[in-house]
Amino acid sequence: MSKYFSYFPTTVHDLENENRKVALTNILRRFKIDSNLRNESMVFYNYQIQEGDRPDTIAEKYYGSPNYSWLVAHFNNITDIHRDFPLFGQNFDKYITGKYGSISTAQSTIHEYRIFCKHKDENGANTPSKKRVLVDGTVIAERVLVVDLATFNTTEAAYKYNATGVSKYDYEVELNENKRQIELLDVRYLSTIRDEVENILRNGV
């Protein structure tokens, strides 16, 4: 991150009101990338975070320098590595135990119910509309109705008979797995974004 902070402007400040002026880095300066690259899907590619990964190790691996960890974080809205990064193994178990008391409690407690909408299969039968991939590679996303626990417990609706309960544990696993999927800027556009960010931070434009 040291290279990142070199982009920030400096400001003169009297630290102790003794007319002793020092130059401080203005770390309060923020930026928003205006480049059209942000909206072009081909500029990014998917990466699945592995155990031991951090923004700086990912940057080292794909950009050749840990100094670009800010780039990994920026495009994936990572502000807190402890909260926004996935957990693995014992760290995940410790998180579950701390939040729910024990893993068994999390596994036996329902978080929500889900009902998969149905579609006609090749035989004309109604089947649950779960995620599937067609022969031509087209991905059809699952269509699911989520019913929170309070609504499920206070309604007599017939759909309840087709609902599948999702435990607190499975819900947390899904959230954790979703954090593993991030996007990395193609290295070909690294200098473009770097120059744009440097200009914004130094000049405010």
# chains A, B, ... in the order shown; residues from 1 in each chain; ligands from 1
>>> residues_around(residues="Asn162 (chain A)", least_positions_apart="5", cutoff="9 Å", atoms="only C-alpha atoms", output="PyMOL selection string")
chain A and resi 114-116
>>> write_last_selection(atoms="N, CA and C atoms", output="CSV table (one decimal), in the first residue's frame")
chain,number,residue,atom,x,y,z
A,114,ARG,N,-37.0,-21.5,1.3
A,114,ARG,CA,-36.9,-21.2,-0.2
A,114,ARG,C,-37.8,-22.1,-1.0
A,115,ILE,N,-38.4,-21.5,-2.0
A,115,ILE,CA,-39.3,-22.3,-2.9
A,115,ILE,C,-38.8,-22.0,-4.3
A,116,PHE,N,-38.3,-23.1,-4.9
A,116,PHE,CA,-37.9,-23.0,-6.3
A,116,PHE,C,-39.0,-22.9,-7.3
>>> residues_around(residues="Glu177 (chain A)", least_positions_apart="2", cutoff="12 Å", atoms="only C-alpha atoms", output="list in words")
Gln48, Ile49, Gln50, Glu51, Asp84, Phe85, Pro86, Leu87, Phe88, Phe92, Asp170, Tyr171, Glu172, Val173, Glu174, Leu175, Lys179, Arg180, Gln181 and Ile182 of chain A
>>> closest_residue(among="A:Lys61, A:His74, A:Lys168, A:Arg54", to="Arg194 (chain A)", atoms="only C-alpha atoms")
A:His74
>>> closest_residue(among="A:Pro55, A:Gly101, A:Gly165, A:Gly89", to="Asn77 (chain A)", atoms="only C-alpha atoms")
A:Pro55
>>> closest_residue(among="A:Asn91, A:Asn178, A:Thr105, A:Thr154", to="Gly52 (chain A)", atoms="only C-alpha atoms")
A:Asn91
>>> atom_distance(atom1="CA of Ile58 (chain A)", atom2="CA of Asp93 (chain A)")
24.3 Å
>>> residues_around(residues="Glu60 (chain A)", least_positions_apart="5", cutoff="12 Å", atoms="only C-alpha atoms", output="ChimeraX atom specification")
/A:1,53-55,65-72,187
>>> write_last_selection(atoms="C-alpha atoms", output="compact mmCIF listing (two decimals), in the first residue's frame")
# COMPACT_ATOMS: atom_id res chain seq x y z
CA MET A 1 0.00 0.00 0.00
CA ASP A 53 -4.94 -15.04 -0.02
CA ARG A 54 -4.93 -11.37 0.92
CA PRO A 55 -5.34 -8.30 -1.31
CA SER A 65 3.58 -6.08 -6.94
CA PRO A 66 1.75 -6.04 -3.58
CA ASN A 67 1.51 -2.26 -3.99
CA TYR A 68 -1.57 -2.81 -6.14
CA SER A 69 -3.57 -4.33 -3.28
CA TRP A 70 -5.68 -1.13 -3.31
CA LEU A 71 -6.76 -2.01 -6.85
CA VAL A 72 -7.98 -5.45 -5.78
CA VAL A 187 -3.25 -6.32 -16.32
>>> atom_distance(atom1="CA of His111 (chain A)", atom2="CA of Ala150 (chain A)")
9.8 Å
>>> select_by_dssp(residues="region 65-120 of chain A", states="alpha helix (DSSP H)", output="list in words")
Ser69, Trp70, Leu71, Val72, Ala73, His74, Phe75, Ile81, His82, Arg83, Asp84, Gly89, Gln90, Asn91, Phe92, Asp93, Lys94, Tyr95, Ile96, Thr97, Gly98, Lys99, Tyr100, Ile103, Ser104, Thr105, Ala106, Gln107 and Ser108 of chain A
>>> closest_residue(among="A:Leu184, A:Val166, A:Ile81, A:Ile193", to="Thr109 (chain A)", atoms="only C-alpha atoms")
A:Val166
>>> closest_residue(among="A:Lys99, A:Tyr63, A:Tyr47, A:Asn176", to="Ser191 (chain A)", atoms="only C-alpha atoms")
A:Tyr63
